[in-house]
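Read through the structure below, which is laid out as structure tokens, and then see the notes.
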Amino acid sequence: MCLAIPGKIIEIKDEIATVDYGSEKREARIVDGDFNVDDYVIVQGKLVIEKVPEEQVRGWLELVKKDGS
Amino acid sequence: MEVEVYFLKYSFPCAFIANQRGVINFEEFKRLEDAAINNKVLPREFLEKVFVMAFGRIQKLADELGKDKWNFDVIKEYFITRHNDIINQGLSSYAKAPESLKNLCRIHKAKVLEIRDDFLIVEYGGNRKRTVMKSLVPGVSIGDSVSIHYGYAVEIL
């Protein structure tokens with residue numbers, strides 16, 4: 001299943017980030033951009049696409065929990 | 001391009017949220033992905049069910065324009081103009097959405113700076129950069145203008 005929630009980068013090796021979602025960890029590619037360990041990010045299709053400021057993480061979690069599209 | 005394919009290329013990038021929410025299962029998600037990348041026409045009823053909120057708004061726009069909701073111009077106007085207006089006005093589910101989510105959800109016009117493997121590095125909104133997937137626009141070249149939605153380039157403009 002897709003994880004459309006922010007995960008935390010716990011390791012970056014070469015261009016591959018390990019992203020921790022609490023329940024599981026996934027690997028995703030960093031092609032470009034300023035991403036660092038401890039950043040919360042959104043991953044789509046195994047690509048790190050965006051950084052999420054820590055204060056916005058809760059908002060993401062609340063929004064994607066609701067029904068609708 | 002068939003209107004169903006055009007609609008799906010724009011809407012597919014947010015299907016990962018629908019999957020996360022449980023609106024669609026992973027099998028349905030993969031079906032959407034395959035159709036978006038390989039230009040397959042999916043049944044309108046299926047698309048309307050998956051993207052029910054979008055179609056509520058598209059129907060409203062179609063009524064305003066006096067056209068059918070599946071008219072190409074209606075779908076195009078929705079994604080190119082209305083979609084961002086709705087986000088910016090904070091309507092419906094966007095009311096409480098954090099800015100980073102709204103920014104990913106907006107459709108931006110971007111310029112392709114670099115192509116690396118299956119990814120494009122693009123610049124949009126002045127000097128913001130994002131890496132997006134190339135899969136929906138396989139014929140893209142450096143310097144092209146594209147629309148982007150979440151982690152995908154959607155259309156060469």
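Every chain in the structure tokens has a letter given in the order shown (A, B, ...), and although residue numbers restart at 1 in each chain, ligands are simply numbered from 1 in the order shown.
By chain and then residue number, the residues within 7 Å of Val41 (chain A) are Pro6, Gly7, Lys8, Val48, Glu50, Lys51 and Val52 of chain A, counting only C-alpha atoms and disregarding those fewer than 6 positions away in sequence.
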Counting only C-alpha atoms, which residues of chain A fall within 8 Å of chain B, and what is the closest atom pair for each with its distance in Å at one decimal, ordered by chain and rising number, as a tab-separated table?
residue	atom	partner	partner_atom	distance
A:Met1	CA	B:Phe26	CA	5.4
A:Cys2	CA	B:Phe16	CA	5.6
A:Leu3	CA	B:Gln20	CA	5.9
A:Ala4	CA	B:Ile17	CA	5.3
A:Val31	CA	B:Thr131	CA	6.8
A:Asp32	CA	B:Thr131	CA	6.5
A:Gly33	CA	B:Arg130	CA	7.4
A:Gln44	CA	B:Gly151	CA	6.2
A:Leu47	CA	B:Gly151	CA	7.8
A:Val48	CA	B:Thr131	CA	8.0
A:Ile49	CA	B:Gly151	CA	5.8
A:Glu50	CA	B:Arg130	CA	7.5
A:Lys51	CA	B:Ser100	CA	7.7
A:Val52	CA	B:Ser100	CA	6.0
A:Pro53	CA	B:Ser100	CA	7.8
A:Gln56	CA	B:Pro98	CA	5.7
A:Gly59	CA	B:Pro98	CA	5.6
A:Trp60	CA	B:Pro98	CA	6.5
A:Leu63	CA	B:Ala97	CA	6.5
A:Val64	CA	B:Arg21	CA	5.6
A:Lys65	CA	B:Arg21	CA	5.6
A:Lys66	CA	B:Arg21	CA	6.5
A:Asp67	CA	B:Arg21	CA	6.1
A:Gly68	CA	B:Val23	CA	6.8
A:Ser69	CA	B:Ala18	CA	5.5
Once you have the residues from the selection above, write them out as a short mmCIF file (atom, residue, chain, number, x, y, z; two decimals), in the first residue's frame, restricted to N, CA and C atoms.
data_model
loop_
_atom_site.label_atom_id
_atom_site.label_comp_id
_atom_site.auth_asym_id
_atom_site.auth_seq_id
_atom_site.Cartn_x
_atom_site.Cartn_y
_atom_site.Cartn_z
N MET A 1 0.83 -1.21 0.00
CA MET A 1 0.00 0.00 0.00
C MET A 1 0.86 1.25 0.00
N CYS A 2 0.30 2.34 -0.48
CA CYS A 2 1.05 3.60 -0.54
C CYS A 2 1.10 4.23 0.84
N LEU A 3 2.18 4.91 1.13
CA LEU A 3 2.25 5.67 2.37
C LEU A 3 2.27 7.15 2.03
N ALA A 4 1.11 7.78 2.13
CA ALA A 4 1.00 9.20 1.79
C ALA A 4 1.05 10.04 3.07
N VAL A 31 17.10 12.35 -5.45
CA VAL A 31 17.78 12.68 -6.71
C VAL A 31 18.45 14.05 -6.59
N ASP A 32 17.74 14.97 -5.94
CA ASP A 32 18.23 16.34 -5.83
C ASP A 32 17.57 16.97 -4.61
N GLY A 33 18.13 18.07 -4.15
CA GLY A 33 17.50 18.80 -3.06
C GLY A 33 18.20 18.60 -1.74
N GLN A 44 6.92 9.47 -2.87
CA GLN A 44 5.92 8.98 -3.84
C GLN A 44 6.65 8.13 -4.87
N LEU A 47 10.37 7.82 -4.56
CA LEU A 47 11.12 9.05 -4.75
C LEU A 47 10.78 10.01 -3.61
N VAL A 48 11.81 10.58 -2.99
CA VAL A 48 11.57 11.62 -1.97
C VAL A 48 11.20 12.89 -2.71
N ILE A 49 9.98 13.38 -2.50
CA ILE A 49 9.55 14.55 -3.28
C ILE A 49 9.50 15.85 -2.49
N GLU A 50 9.25 15.78 -1.18
CA GLU A 50 9.07 17.05 -0.47
C GLU A 50 9.38 16.91 1.01
N LYS A 51 9.92 17.99 1.56
CA LYS A 51 10.17 18.06 2.99
C LYS A 51 8.91 18.58 3.68
N VAL A 52 8.60 18.04 4.83
CA VAL A 52 7.44 18.52 5.60
C VAL A 52 7.95 19.11 6.91
N PRO A 53 7.75 20.40 7.13
CA PRO A 53 8.17 20.98 8.41
C PRO A 53 7.51 20.21 9.57
N GLN A 56 4.02 20.58 10.69
CA GLN A 56 2.93 20.24 9.77
C GLN A 56 2.64 18.73 9.71
N GLY A 59 -0.83 17.71 10.96
CA GLY A 59 -1.86 18.10 9.99
C GLY A 59 -1.99 17.09 8.86
N TRP A 60 -0.87 16.60 8.38
CA TRP A 60 -0.89 15.57 7.33
C TRP A 60 -1.60 14.32 7.83
N LEU A 63 -5.29 14.74 8.12
CA LEU A 63 -5.99 14.88 6.84
C LEU A 63 -6.12 13.58 6.08
N VAL A 64 -5.05 12.78 6.08
CA VAL A 64 -5.14 11.56 5.28
C VAL A 64 -5.89 10.44 5.99
N LYS A 65 -6.24 10.65 7.24
CA LYS A 65 -7.03 9.66 7.98
C LYS A 65 -8.50 9.67 7.54
N LYS A 66 -8.99 10.89 7.22
CA LYS A 66 -10.41 11.05 6.90
C LYS A 66 -10.78 10.36 5.60
N ASP A 67 -12.07 10.06 5.45
CA ASP A 67 -12.55 9.51 4.18
C ASP A 67 -12.73 10.64 3.17
N GLY A 68 -12.70 10.30 1.93
CA GLY A 68 -12.87 11.28 0.87
C GLY A 68 -11.71 11.19 -0.09
N SER A 69 -11.68 12.04 -1.09
CA SER A 69 -10.54 12.01 -2.01
C SER A 69 -10.28 13.40 -2.54
#
Report as number ranges by chain: the residues of chain A with a DSSP assignment of strand (DSSP E or B), based on the backbone of this structure.
A: 7-13, 16-20, 25-29, 40-44, 47-52
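Between CA of Leu136 (chain B) and CA of Ala153 (chain B) the separation is 6.5 Å.
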From a DSSP pass on the backbone, collect the residues of region 65-156 of chain B flagged as alpha helix (DSSP H) and hand them back as a count of residues only.
20
Could you jot down the CA of Leu157 (chain B) to CA of Asp144 (chain B) separation for me, Å, one decimal place?
7.7 Å
